[in-house]
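Heads up, coords-v6.txt below (compact mmCIF, C-alpha atoms):
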# COMPACT_ATOMS: atom_id res chain seq x y z
CA MET A 1 16.33 234.84 47.57
CA ALA A 2 19.70 236.39 47.86
CA LYS A 3 22.58 234.06 48.71
CA LYS A 4 24.49 234.87 51.84
CA ARG A 5 28.15 235.05 50.95
CA THR A 6 30.72 233.68 53.37
CA ALA A 7 33.80 235.79 53.70
CA PHE A 8 37.02 233.78 53.25
CA THR A 9 40.15 235.17 54.74
CA ASP A 10 43.50 234.27 53.19
CA ALA A 11 44.79 231.82 55.86
CA THR A 12 48.39 230.72 55.23
CA LEU A 13 50.00 228.14 57.47
CA ASP A 14 53.10 229.39 59.26
CA LEU A 15 55.72 226.83 58.26
CA VAL A 16 58.72 228.63 59.73
CA PRO A 17 58.83 226.72 63.11
CA ILE A 18 58.61 223.34 61.39
CA MET A 19 61.33 224.45 58.97
CA ASN A 20 63.53 225.24 61.96
CA LEU A 21 62.90 221.79 63.41
CA VAL A 22 63.66 220.04 60.13
CA THR A 23 66.83 222.09 59.65
CA ILE A 24 68.08 220.88 63.03
CA LEU A 25 67.05 217.26 62.38
CA ILE A 26 68.81 216.99 59.02
CA PRO A 27 72.42 217.52 60.26
CA PHE A 28 71.77 215.13 63.16
CA LEU A 29 70.44 212.41 60.85
CA LEU A 30 73.23 213.03 58.34
CA MET A 31 75.75 212.24 61.09
CA SER A 32 73.97 209.00 62.05
CA ALA A 33 73.18 207.88 58.52
CA GLN A 34 74.99 204.88 57.13
CA PHE A 35 74.86 204.54 53.39
CA VAL A 36 76.41 201.06 53.25
CA THR A 37 75.03 198.06 55.13
CA LEU A 38 77.60 195.98 56.94
CA ALA A 39 77.62 192.26 57.61
CA VAL A 40 80.10 189.82 59.13
CA ILE A 41 81.53 186.44 58.19
CA ASP A 42 82.22 184.26 61.22
CA SER A 43 85.38 182.23 61.34
CA THR A 44 87.51 180.47 63.93
CA LEU A 45 91.09 179.42 64.34
CA PRO A 46 91.83 175.71 63.97
CA ALA A 47 91.33 173.99 67.33
CA ILE A 48 94.38 172.52 69.03
CA VAL A 49 93.47 169.39 70.94
CA ASN A 50 96.00 168.36 73.57
CA THR A 51 94.01 165.56 75.11
CA PRO A 52 94.59 162.18 73.48
CA THR A 53 91.54 160.73 71.76
CA LEU A 54 90.23 157.68 73.54
CA THR A 55 88.53 156.17 70.54
CA GLU A 56 90.36 155.24 67.38
CA PRO A 57 88.92 156.81 64.23
CA ASP A 58 86.88 154.31 62.27
CA PRO A 59 88.63 153.67 58.93
CA ASN A 60 85.29 152.76 57.33
CA GLU A 61 83.64 156.00 58.45
CA ASP A 62 82.84 158.14 55.43
CA LYS A 63 83.99 161.61 56.55
CA LEU A 64 84.77 164.45 54.21
CA ASN A 65 87.28 166.69 56.09
CA LEU A 66 87.05 169.30 53.37
CA SER A 67 90.02 171.62 52.82
CA LEU A 68 90.28 174.31 50.20
CA LEU A 69 93.70 175.48 49.07
CA ILE A 70 93.88 178.93 47.45
CA THR A 71 97.04 179.42 45.42
CA SER A 72 98.21 181.57 42.53
CA LYS A 73 96.98 178.85 40.15
CA GLY A 74 93.43 178.59 41.45
CA PHE A 75 91.61 176.41 43.97
CA THR A 76 92.45 172.88 45.00
CA ILE A 77 89.78 170.92 46.84
CA ALA A 78 91.16 168.34 49.23
CA GLY A 79 89.18 165.69 51.04
CA GLY A 80 86.66 164.81 48.37
CA ASP A 81 88.64 162.18 46.44
CA LYS A 82 85.70 159.80 46.21
CA VAL A 83 83.47 162.33 44.49
CA LEU A 84 85.88 164.61 42.66
CA GLU A 85 88.01 162.29 40.57
CA LYS A 86 91.56 163.55 40.34
CA ASP A 87 92.03 163.20 36.60
CA ASN A 88 88.76 164.79 35.58
CA LEU A 89 89.31 168.40 34.50
CA GLU A 90 85.58 169.18 34.35
CA THR A 91 84.57 167.91 37.77
CA GLY A 92 87.96 167.25 39.39
CA PRO A 93 89.38 168.84 42.54
CA ILE A 94 91.43 171.52 40.76
CA VAL A 95 89.54 174.69 39.76
CA ALA A 96 91.93 176.69 37.61
CA CYS A 97 91.78 180.46 37.22
CA LEU A 98 89.85 181.95 34.33
CA ASP A 99 93.02 183.60 33.07
CA ALA A 100 96.41 181.93 33.22
CA ALA A 101 98.13 184.25 35.67
CA CYS A 102 95.40 184.75 38.33
CA LEU A 103 96.28 188.45 38.38
CA SER A 104 93.11 189.86 39.90
CA PRO A 105 90.48 188.58 42.37
CA GLU A 106 88.03 188.33 39.47
CA SER A 107 90.33 185.82 37.73
CA TYR A 108 89.38 183.05 40.14
CA ASP A 109 86.53 180.75 39.05
CA TYR A 110 84.14 181.07 42.01
CA GLN A 111 81.16 179.65 40.13
CA GLY A 112 83.20 176.59 39.15
CA LEU A 113 84.21 176.16 42.78
CA THR A 114 80.58 176.38 43.96
CA LYS A 115 79.56 173.72 41.41
CA ARG A 116 82.24 171.29 42.62
CA LEU A 117 81.34 171.93 46.26
CA ALA A 118 77.68 171.32 45.46
CA LEU A 119 78.68 167.87 44.13
CA LEU A 120 80.35 167.17 47.47
CA LYS A 121 77.34 168.45 49.40
CA ASP A 122 75.10 166.01 47.48
CA ARG A 123 77.15 163.15 48.91
CA TYR A 124 77.97 164.57 52.36
CA GLY A 125 74.74 166.35 53.28
CA ASP A 126 75.54 166.69 57.00
CA GLU A 127 78.98 168.24 56.55
CA GLU A 128 79.12 172.01 57.08
CA ASN A 129 82.81 172.68 57.76
CA VAL A 130 85.48 173.84 55.37
CA ILE A 131 89.12 174.60 56.15
CA LEU A 132 90.56 177.39 54.02
CA VAL A 133 94.29 177.21 53.37
CA PRO A 134 95.30 180.35 51.45
CA ASP A 135 98.68 181.17 49.98
CA PRO A 136 100.33 184.06 51.96
CA ASN A 137 100.14 186.35 48.92
CA THR A 138 96.43 185.75 48.37
CA ASN A 139 94.40 188.95 48.49
CA TYR A 140 91.94 189.28 51.34
CA GLU A 141 89.20 189.94 48.78
CA VAL A 142 89.83 186.51 47.21
CA LEU A 143 89.50 184.97 50.67
CA VAL A 144 86.12 186.65 51.23
CA LEU A 145 84.82 185.72 47.77
CA THR A 146 85.95 182.11 48.34
CA MET A 147 84.08 182.02 51.66
CA ASP A 148 81.00 183.32 49.79
CA ALA A 149 81.39 180.63 47.12
CA ALA A 150 81.72 177.90 49.76
CA ARG A 151 78.86 179.16 51.96
CA ASP A 152 75.91 178.77 49.60
CA ASP A 153 74.91 178.13 46.01
CA GLN A 154 73.18 181.29 44.78
CA ALA A 155 72.16 179.48 41.58
CA ASP A 156 70.15 176.90 43.57
CA VAL A 157 67.36 178.82 45.29
CA ASP A 158 64.31 177.28 47.03
CA ASP A 159 60.68 178.50 46.93
CA GLU A 160 61.31 180.99 49.73
CA GLY A 161 64.21 182.52 47.83
CA LYS A 162 66.89 181.04 50.10
CA ALA A 163 70.09 179.82 48.49
CA ARG A 164 71.15 176.22 49.15
CA LEU A 165 73.61 176.04 52.05
CA LEU A 166 76.86 174.29 51.27
CA PHE A 167 79.69 174.67 53.81
CA PRO A 168 78.97 177.75 55.99
CA ASN A 169 81.38 177.00 58.87
CA VAL A 170 84.78 178.37 57.91
CA VAL A 171 88.07 177.65 59.64
CA ILE A 172 91.11 179.55 58.39
CA ALA A 173 94.38 177.66 58.57
CA GLY A 174 97.94 178.95 58.41
CA GLY A 175 98.41 178.82 54.68
CA VAL A 176 100.64 177.29 52.03
CA GLU A 177 104.30 178.23 52.33
CA MET B 1 42.85 255.71 37.76
CA GLY B 2 45.31 252.85 38.21
CA LYS B 3 47.89 252.43 40.98
CA SER B 4 51.02 254.47 40.74
CA LYS B 5 54.26 252.67 39.65
CA ALA B 6 55.87 253.09 43.09
CA SER B 7 53.02 251.54 45.06
CA ARG B 8 52.91 248.55 42.69
CA ARG B 9 56.63 247.80 43.16
CA GLY B 10 57.22 247.94 46.90
CA GLY B 11 54.17 249.10 48.71
CA GLY B 12 53.01 245.98 50.68
CA THR B 13 54.89 243.34 52.68
CA SER B 14 56.06 240.34 50.64
CA GLU B 15 56.37 236.84 52.14
CA LEU B 16 58.70 234.12 50.94
CA ASN B 17 56.83 231.03 49.80
CA ILE B 18 58.57 228.17 51.59
CA THR B 19 56.11 225.42 50.73
CA SER B 20 58.31 223.97 47.97
CA MET B 21 61.34 224.07 50.24
CA MET B 22 59.29 222.28 52.91
CA ASP B 23 58.50 219.54 50.37
CA MET B 24 62.18 219.12 49.61
CA MET B 25 63.10 219.03 53.30
CA THR B 26 60.43 216.40 53.98
CA ILE B 27 61.82 214.14 51.25
CA ILE B 28 65.36 214.53 52.62
CA LEU B 29 64.12 213.86 56.15
CA VAL B 30 62.38 210.62 55.12
CA PHE B 31 65.46 209.46 53.20
CA LEU B 32 67.75 210.17 56.14
CA LEU B 33 65.39 208.49 58.59
CA LYS B 34 65.54 205.39 56.37
CA SER B 35 69.34 205.50 56.35
CA TYR B 36 69.50 206.03 60.11
CA SER B 37 71.69 203.34 61.54
CA THR B 38 71.76 201.83 64.99
CA ASP B 39 74.44 199.26 64.07
CA ASP B 40 76.95 198.34 66.73
CA ILE B 41 79.82 199.24 64.44
CA SER B 42 80.52 201.93 61.93
CA VAL B 43 83.18 202.22 59.29
CA ALA B 44 85.08 205.38 58.52
CA GLY B 45 85.74 204.88 54.84
CA ASN B 46 88.98 206.15 53.36
CA ASP B 47 91.45 205.19 50.64
CA ASP B 48 93.46 202.99 53.00
CA LEU B 49 90.49 200.93 54.12
CA ILE B 50 88.21 199.53 51.43
CA LEU B 51 86.11 196.65 52.73
CA PRO B 52 85.27 193.75 50.41
CA VAL B 53 81.70 193.08 49.30
CA SER B 54 80.12 189.79 50.36
CA THR B 55 76.81 187.94 50.13
CA SER B 56 76.85 187.26 53.89
CA LEU B 57 73.70 188.36 55.73
CA THR B 58 74.91 187.97 59.34
CA PRO B 59 74.49 191.29 61.18
CA PRO B 60 77.52 192.61 63.09
CA LYS B 61 77.67 192.44 66.88
CA LEU B 62 79.79 194.42 69.27
CA ALA B 63 83.27 193.02 69.97
CA VAL B 64 86.85 194.24 70.13
CA ASN B 65 87.36 196.11 66.88
CA VAL B 66 90.64 195.52 65.03
CA VAL B 67 91.14 197.56 61.86
CA ILE B 68 93.91 196.65 59.41
CA SER B 69 94.28 199.30 56.74
CA GLN B 70 97.00 199.74 54.13
CA ARG B 71 98.83 202.00 56.55
CA ASP B 72 98.32 200.81 60.13
CA ILE B 73 96.60 198.56 62.65
CA LEU B 74 94.09 200.04 65.09
CA VAL B 75 92.43 198.45 68.11
CA ASP B 76 89.16 200.13 69.12
CA GLY B 77 90.21 203.27 67.24
CA GLU B 78 93.68 203.46 68.83
CA ALA B 79 96.69 203.14 66.50
CA VAL B 80 98.90 200.23 67.56
CA LEU B 81 101.30 199.69 64.68
CA GLN B 82 102.39 201.26 61.39
CA LEU B 83 102.68 198.87 58.45
CA GLU B 84 105.49 199.14 55.92
CA GLU B 85 105.45 198.89 52.15
CA VAL B 86 108.16 196.79 50.52
CA VAL B 87 108.86 195.42 47.07
CA ASP B 88 108.10 191.72 46.74
CA GLU B 89 111.27 189.81 45.80
CA VAL B 90 109.40 187.29 43.65
CA THR B 91 106.86 189.42 41.79
CA GLY B 92 108.57 192.82 41.97
CA GLN B 93 105.26 194.37 43.01
CA PRO B 94 104.88 196.59 46.11
CA LYS B 95 103.24 194.86 49.05
CA VAL B 96 102.30 195.75 52.61
CA GLN B 97 103.84 193.84 55.49
CA ILE B 98 104.30 194.03 59.24
CA PRO B 99 107.78 195.35 60.13
CA GLU B 100 110.12 192.60 61.36
CA SER B 101 111.11 194.81 64.32
CA ALA B 102 107.50 194.73 65.59
CA LYS B 103 107.36 190.93 65.68
CA ARG B 104 108.64 188.17 67.89
CA GLY B 105 108.29 185.14 65.63
CA PRO B 106 104.90 185.53 63.98
CA LYS B 107 103.52 187.37 67.05
CA ILE B 108 103.06 191.15 66.80
CA VAL B 109 104.21 192.34 70.22
CA ASP B 110 102.35 195.69 70.53
CA LEU B 111 99.13 194.22 69.22
CA PHE B 112 99.43 191.26 71.59
CA ASP B 113 99.89 193.57 74.61
CA LYS B 114 96.92 195.69 73.58
CA LEU B 115 94.65 192.69 73.04
CA VAL B 116 95.69 191.11 76.34
CA SER B 117 94.76 194.35 78.14
CA LYS B 118 91.41 194.37 76.30
CA ALA B 119 90.80 190.77 77.34
CA GLU B 120 91.64 191.58 80.97
CA THR B 121 89.29 194.60 80.94
CA SER B 122 86.51 192.51 79.43
CA LYS B 123 87.00 189.71 81.99
CA GLY B 124 87.02 192.23 84.87
CA LEU B 125 83.84 193.84 83.58
CA GLY B 126 82.14 190.46 83.30
CA ASP B 127 83.13 189.56 86.88
CA ARG B 128 81.86 192.87 88.29
CA MET B 129 78.57 192.78 86.41
CA GLY B 130 78.01 189.09 87.20
CA ASP B 131 76.35 188.71 83.84
CA GLU B 132 77.59 186.50 81.02
CA GLN B 133 76.39 189.07 78.52
CA PHE B 134 79.21 191.40 79.52
CA GLY B 135 81.77 188.64 79.99
CA PHE B 136 84.76 187.83 77.83
CA LYS B 137 83.82 185.86 74.73
CA GLY B 138 87.09 186.03 72.80
CA GLN B 139 85.50 187.64 69.76
CA VAL B 140 87.22 190.08 67.42
CA LEU B 141 85.71 192.19 64.68
CA LEU B 142 88.26 192.34 61.88
CA GLN B 143 87.96 195.19 59.41
CA CYS B 144 90.57 194.56 56.74
CA ASP B 145 91.37 196.36 53.52
CA LYS B 146 90.50 194.12 50.58
CA ARG B 147 93.94 194.55 48.93
CA LEU B 148 95.90 193.22 51.91
CA PRO B 149 97.84 189.99 51.48
CA PHE B 150 96.75 187.06 53.65
CA SER B 151 100.21 186.99 55.30
CA VAL B 152 99.37 190.22 57.22
CA ILE B 153 95.93 188.97 58.28
CA ARG B 154 97.40 185.61 59.29
CA GLU B 155 99.87 187.25 61.66
CA VAL B 156 97.14 189.42 63.19
CA MET B 157 94.93 186.32 63.63
CA TYR B 158 97.80 184.38 65.17
CA THR B 159 98.52 187.24 67.61
CA ALA B 160 94.82 187.51 68.51
CA GLY B 161 94.70 183.76 69.06
CA GLN B 162 97.67 184.02 71.44
CA ALA B 163 95.77 186.74 73.36
CA GLN B 164 92.79 184.34 73.79
CA PHE B 165 90.71 185.79 70.95
CA GLY B 166 89.74 182.74 68.91
CA GLU B 167 86.57 183.86 67.14
CA PHE B 168 86.87 186.21 64.20
CA ARG B 169 84.17 188.22 62.54
CA PHE B 170 85.29 189.62 59.21
CA VAL B 171 83.42 192.85 58.53
CA VAL B 172 82.23 193.14 54.94
CA ILE B 173 79.89 195.31 52.93
CA LYS B 174 76.61 193.56 52.33
CA GLY B 175 76.18 193.09 48.59
CA SER B 176 73.41 191.60 46.50
CA GLY B 177 73.31 187.83 46.54

Rewrite the coordinates I just gave you, this time as C-alpha cells.
Amino acid sequence: MAKKRTAFTDATLDLVPIMNLVTILIPFLLMSAQFVTLAVIDSTLPAIVNTPTLTEPDPNEDKLNLSLLITSKGFTIAGGDKVLEKDNLETGPIVACLDAACLSPESYDYQGLTKRLALLKDRYGDEENVILVPDPNTNYEVLVLTMDAARDDQADVDDEGKARLLFPNVVIAGGVE
Amino acid sequence: MGKSKASRRGGGTSELNITSMMDMMTIILVFLLKSYSTDDISVAGNDDLILPVSTSLTPPKLAVNVVISQRDILVDGEAVLQLEEVVDEVTGQPKVQIPESAKRGPKIVDLFDKLVSKAETSKGLGDRMGDEQFGFKGQVLLQCDKRLPFSVIREVMYTAGQAQFGEFRFVVIKGSG
C-alpha cells in the first residue's frame, strides 16, 4: 500500500516583535541594575546622661566596658585588664601593626584583634558593646575593618555557617587627640 | 539546464536569521533581571567616592542620605559644602579637611542648617500622616569615601548629633565574609 505523504510547510517563527520588546527592556533594566550589593553598619553616638544615677555602681560587679583605641601604632584594648594581661605581648591588650609604620589599612592586624576580643567574649558572654576611639588621622577604611573585626569571628563558624558574634554594637567616640 | 548565475545570486527574498541574536538577548535579559535592584539607596560611583568593603550583612533602609566624598558633602543629593585639601603639618602628606570658615567650633554650620530643616520636614510629615513609620527617627545614612580621615567624619557626626540625628548607618559594599 502506498504511504500517504504529509506535506510540511517551512514554518518559521516571527521573532521580530519579541526582539523589539527585549530591546526596550534591556536599557530599562540596565538603568535599574546594581552591580554591587550594599550593606550598612549601625552605630550610635555616645549617650549623654544628665540625670544623676540613683544607685551607686557595684564595685564587685564584673563589667567589661570595652573600648578600642585605634592609633598609628595599632590597636589598644581597654577594659579587659583581667583577661588580657598588660605585659603579655601574645595575648595582651596591645595589637601592634604588622609593619612598623602602619602606613596602609592592610598594615593593621585585624585577625590578631579578633583573637583577643574572642578571649574577652569567652569571659564576658553577655557583653555586646564596644566603644571605638580612633585617632583623628585614622582612615575611614581602617574604622570599617575594625568594626568588622570586632563584630564577629569569621574563623569560628557554627554548623549553620554563621560566624560567632563578638561585639556587634558599636559606639564611636570622639577620638584620641 | 541549471539556474542562471543572476537568478542564483539575488532572485528570491532573503531573511535575516535572528535566532542566535535572540539567544544572546535572552541571556542578557536574565542577567539584568538578576541584577535588578529595588534597594532603598543607590550609589553613584566615582573617583571621589569609593566605599569600603565590609562583611556586614545588614540591608540598608531609607534615611537622610549624607555623602562625604573627597571633594564635597551632599545631603540627599544636594551639595552643602566643598572640602579643602591641605598638607598635613606632621606627616607632610596631603589630607582633606573641612574649611575652618565653614565651622563654628566643631559644628559645620551649613550642614547643621540643612539637617535641621530635614529633621523639621520629617517631623512635620510624621505629624500629618499620624503614622510612626513616617515619623522622625534621627537616622542618617553615611556614605563616606574610604580614604577620608576620621577627623572629617567626626565633625560630620558631631554636627548631625547636634541636629538630633543620633543613629548612623555607614554604607559599605557587601564583601565576602

If we count all atoms listed in the file and set the cut-off at 12 Å, which residues sit around Lys114 in chain B, ignoring sequence neighbours fewer than 6 positions away in its own chain? Please answer as a ChimeraX atom specification.
/B:64-66,73-81,108,120-121,159-160,162-163,165

Could the residues in this selection be saved with C-alpha atoms as a PDB file, keeping the file's coordinate frame?
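Written out: again.pdb:
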ATOM      1  CA  VAL B  64      86.850 194.240  70.130  1.00  0.00           C
ATOM      2  CA  ASN B  65      87.360 196.110  66.880  1.00  0.00           C
ATOM      3  CA  VAL B  66      90.640 195.520  65.030  1.00  0.00           C
ATOM      4  CA  ILE B  73      96.600 198.560  62.650  1.00  0.00           C
ATOM      5  CA  LEU B  74      94.090 200.040  65.090  1.00  0.00           C
ATOM      6  CA  VAL B  75      92.430 198.450  68.110  1.00  0.00           C
ATOM      7  CA  ASP B  76      89.160 200.130  69.120  1.00  0.00           C
ATOM      8  CA  GLY B  77      90.210 203.270  67.240  1.00  0.00           C
ATOM      9  CA  GLU B  78      93.680 203.460  68.830  1.00  0.00           C
ATOM     10  CA  ALA B  79      96.690 203.140  66.500  1.00  0.00           C
ATOM     11  CA  VAL B  80      98.900 200.230  67.560  1.00  0.00           C
ATOM     12  CA  LEU B  81     101.300 199.690  64.680  1.00  0.00           C
ATOM     13  CA  ILE B 108     103.060 191.150  66.800  1.00  0.00           C
ATOM     14  CA  GLU B 120      91.640 191.580  80.970  1.00  0.00           C
ATOM     15  CA  THR B 121      89.290 194.600  80.940  1.00  0.00           C
ATOM     16  CA  THR B 159      98.520 187.240  67.610  1.00  0.00           C
ATOM     17  CA  ALA B 160      94.820 187.510  68.510  1.00  0.00           C
ATOM     18  CA  GLN B 162      97.670 184.020  71.440  1.00  0.00           C
ATOM     19  CA  ALA B 163      95.770 186.740  73.360  1.00  0.00           C
ATOM     20  CA  PHE B 165      90.710 185.790  70.950  1.00  0.00           C
TER      21      PHE B 165
END

For the interface of chain A with chain B (cut-off 7 Å, counting all atoms listed in the file), please tabulate each contacting residue of chain A alongside its nearest pair of atoms and their separation in Å to one decimal, rows sorted by chain and increasing number, as a Markdown table.
| residue | atom | partner | partner_atom | distance |
| --- | --- | --- | --- | --- |
| A:Met19 | CA | B:Met22 | CA | 6.8 |
| A:Val22 | CA | B:Met25 | CA | 6.9 |
| A:Ile26 | CA | B:Leu29 | CA | 6.3 |
| A:Leu29 | CA | B:Leu32 | CA | 5.9 |
| A:Leu30 | CA | B:Leu32 | CA | 6.6 |
| A:Ser32 | CA | B:Tyr36 | CA | 5.7 |
| A:Ala33 | CA | B:Tyr36 | CA | 4.4 |
| A:Gln34 | CA | B:Ser37 | CA | 5.7 |
| A:Phe35 | CA | B:Ser35 | CA | 6.3 |
| A:Val36 | CA | B:Ile173 | CA | 6.7 |
| A:Thr37 | CA | B:Lys174 | CA | 5.5 |
| A:Leu38 | CA | B:Ile173 | CA | 4.7 |
| A:Ala39 | CA | B:Pro59 | CA | 4.8 |
| A:Val40 | CA | B:Val171 | CA | 4.5 |
| A:Ile41 | CA | B:Phe170 | CA | 5.0 |
| A:Asp42 | CA | B:Arg169 | CA | 4.6 |
| A:Ser43 | CA | B:Phe168 | CA | 5.1 |
| A:Thr44 | CA | B:Glu167 | CA | 4.8 |
| A:Leu45 | CA | B:Gly166 | CA | 5.8 |
| A:Pro136 | CA | B:Ser151 | CA | 4.4 |
| A:Asn137 | CA | B:Pro149 | CA | 5.0 |
| A:Thr138 | CA | B:Pro149 | CA | 5.4 |
| A:Asn139 | CA | B:Pro149 | CA | 4.7 |
| A:Tyr140 | CA | B:Lys146 | CA | 5.1 |
| A:Glu141 | CA | B:Lys146 | CA | 4.7 |
| A:Val144 | CA | B:Ser54 | CA | 6.8 |
| A:Leu145 | CA | B:Ser54 | CA | 6.7 |
| A:Asp148 | CA | B:Thr55 | CA | 6.2 |
| A:Gln154 | CA | B:Gly177 | CA | 6.8 |
| A:Gly174 | CA | B:Arg154 | CA | 6.7 |

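Counting all atoms listed in the file, the residue from A:Pro27, A:Gly161, A:Pro17, A:Gly79 that sits nearest to Leu117 in chain A is A:Gly79.
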
Glu106 in chain A: which residues within 12 Å, counting only C-alpha atoms, same-chain residues fewer than 6 positions away excluded, as a PyMOL selection string?
chain A and resi 74+97-99+139+141-143+145-146

For range 98-117 of chain A, I'd like the enclosing box, axis-aligned and padded by 8 Å on every side, reported as AutoDock Vina command-line options with centre and edge lengths in Å to one decimal.
--center_x 88.8 --center_y 180.6 --center_z 39.7 --size_x 34.6 --size_y 34.6 --size_z 29.2

Around the point (71.4, 177.9, 53.0) in the file's coordinates, collect all residues with an atom within 8 Å, using all atoms listed in the file, and return them as an mmCIF file with C-alpha atoms, in the frame of the given file.
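Final output, saved to result02.cif:
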data_model
loop_
_atom_site.group_PDB
_atom_site.id
_atom_site.type_symbol
_atom_site.label_atom_id
_atom_site.label_comp_id
_atom_site.auth_asym_id
_atom_site.auth_seq_id
_atom_site.Cartn_x
_atom_site.Cartn_y
_atom_site.Cartn_z
ATOM 1 C CA ARG A 151 78.860 179.160 51.960
ATOM 2 C CA ASP A 152 75.910 178.770 49.600
ATOM 3 C CA ASP A 153 74.910 178.130 46.010
ATOM 4 C CA LYS A 162 66.890 181.040 50.100
ATOM 5 C CA ALA A 163 70.090 179.820 48.490
ATOM 6 C CA ARG A 164 71.150 176.220 49.150
ATOM 7 C CA LEU A 165 73.610 176.040 52.050
ATOM 8 C CA LEU A 166 76.860 174.290 51.270
#

Between CA of Asp110 in chain B and CA of Val133 in chain A, measure the distance and give it in Å to one decimal.
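The value is 26.5 Å.
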
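The nearest approach to Gln97 in chain B among the residues B:Leu115, B:Phe136, B:Arg128, B:Val156, with only C-alpha atoms taken into account, belongs to B:Val156.
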
Since fewer atoms than expected are present, regenerate N, CA and C atoms for range 111-126 of chain A and write them as a compact mmCIF listing (two decimals), in the frame of the given file.
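Just written: rebuild06.txt:
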# COMPACT_ATOMS: atom_id res chain seq x y z
N GLN A 111 82.34 180.44 40.51
CA GLN A 111 81.16 179.65 40.13
C GLN A 111 81.53 178.18 39.95
N GLY A 112 82.70 177.97 39.33
CA GLY A 112 83.20 176.59 39.15
C GLY A 112 83.42 175.92 40.49
N LEU A 113 83.96 176.69 41.44
CA LEU A 113 84.21 176.16 42.78
C LEU A 113 82.88 175.77 43.45
N THR A 114 81.89 176.65 43.35
CA THR A 114 80.58 176.38 43.96
C THR A 114 79.97 175.10 43.38
N LYS A 115 80.12 174.91 42.06
CA LYS A 115 79.56 173.72 41.41
C LYS A 115 80.21 172.44 41.96
N ARG A 116 81.55 172.49 42.12
CA ARG A 116 82.24 171.29 42.62
C ARG A 116 81.85 171.02 44.08
N LEU A 117 81.71 172.11 44.86
CA LEU A 117 81.34 171.93 46.26
C LEU A 117 79.91 171.42 46.39
N ALA A 118 79.06 171.82 45.45
CA ALA A 118 77.68 171.32 45.46
C ALA A 118 77.65 169.81 45.22
N LEU A 119 78.58 169.32 44.37
CA LEU A 119 78.68 167.87 44.13
C LEU A 119 79.04 167.15 45.43
N LEU A 120 79.96 167.76 46.19
CA LEU A 120 80.35 167.17 47.47
C LEU A 120 79.20 167.20 48.47
N LYS A 121 78.46 168.30 48.46
CA LYS A 121 77.34 168.45 49.40
C LYS A 121 76.26 167.41 49.11
N ASP A 122 76.08 167.05 47.83
CA ASP A 122 75.10 166.01 47.48
C ASP A 122 75.42 164.71 48.21
N ARG A 123 76.73 164.43 48.30
CA ARG A 123 77.15 163.15 48.91
C ARG A 123 77.24 163.27 50.44
N TYR A 124 77.78 164.39 50.91
CA TYR A 124 77.97 164.57 52.36
C TYR A 124 77.04 165.67 52.86
N GLY A 125 75.75 165.35 52.94
CA GLY A 125 74.74 166.35 53.28
C GLY A 125 74.88 166.96 54.66
N ASP A 126 75.45 166.20 55.63
CA ASP A 126 75.54 166.69 57.00
C ASP A 126 76.77 167.56 57.24
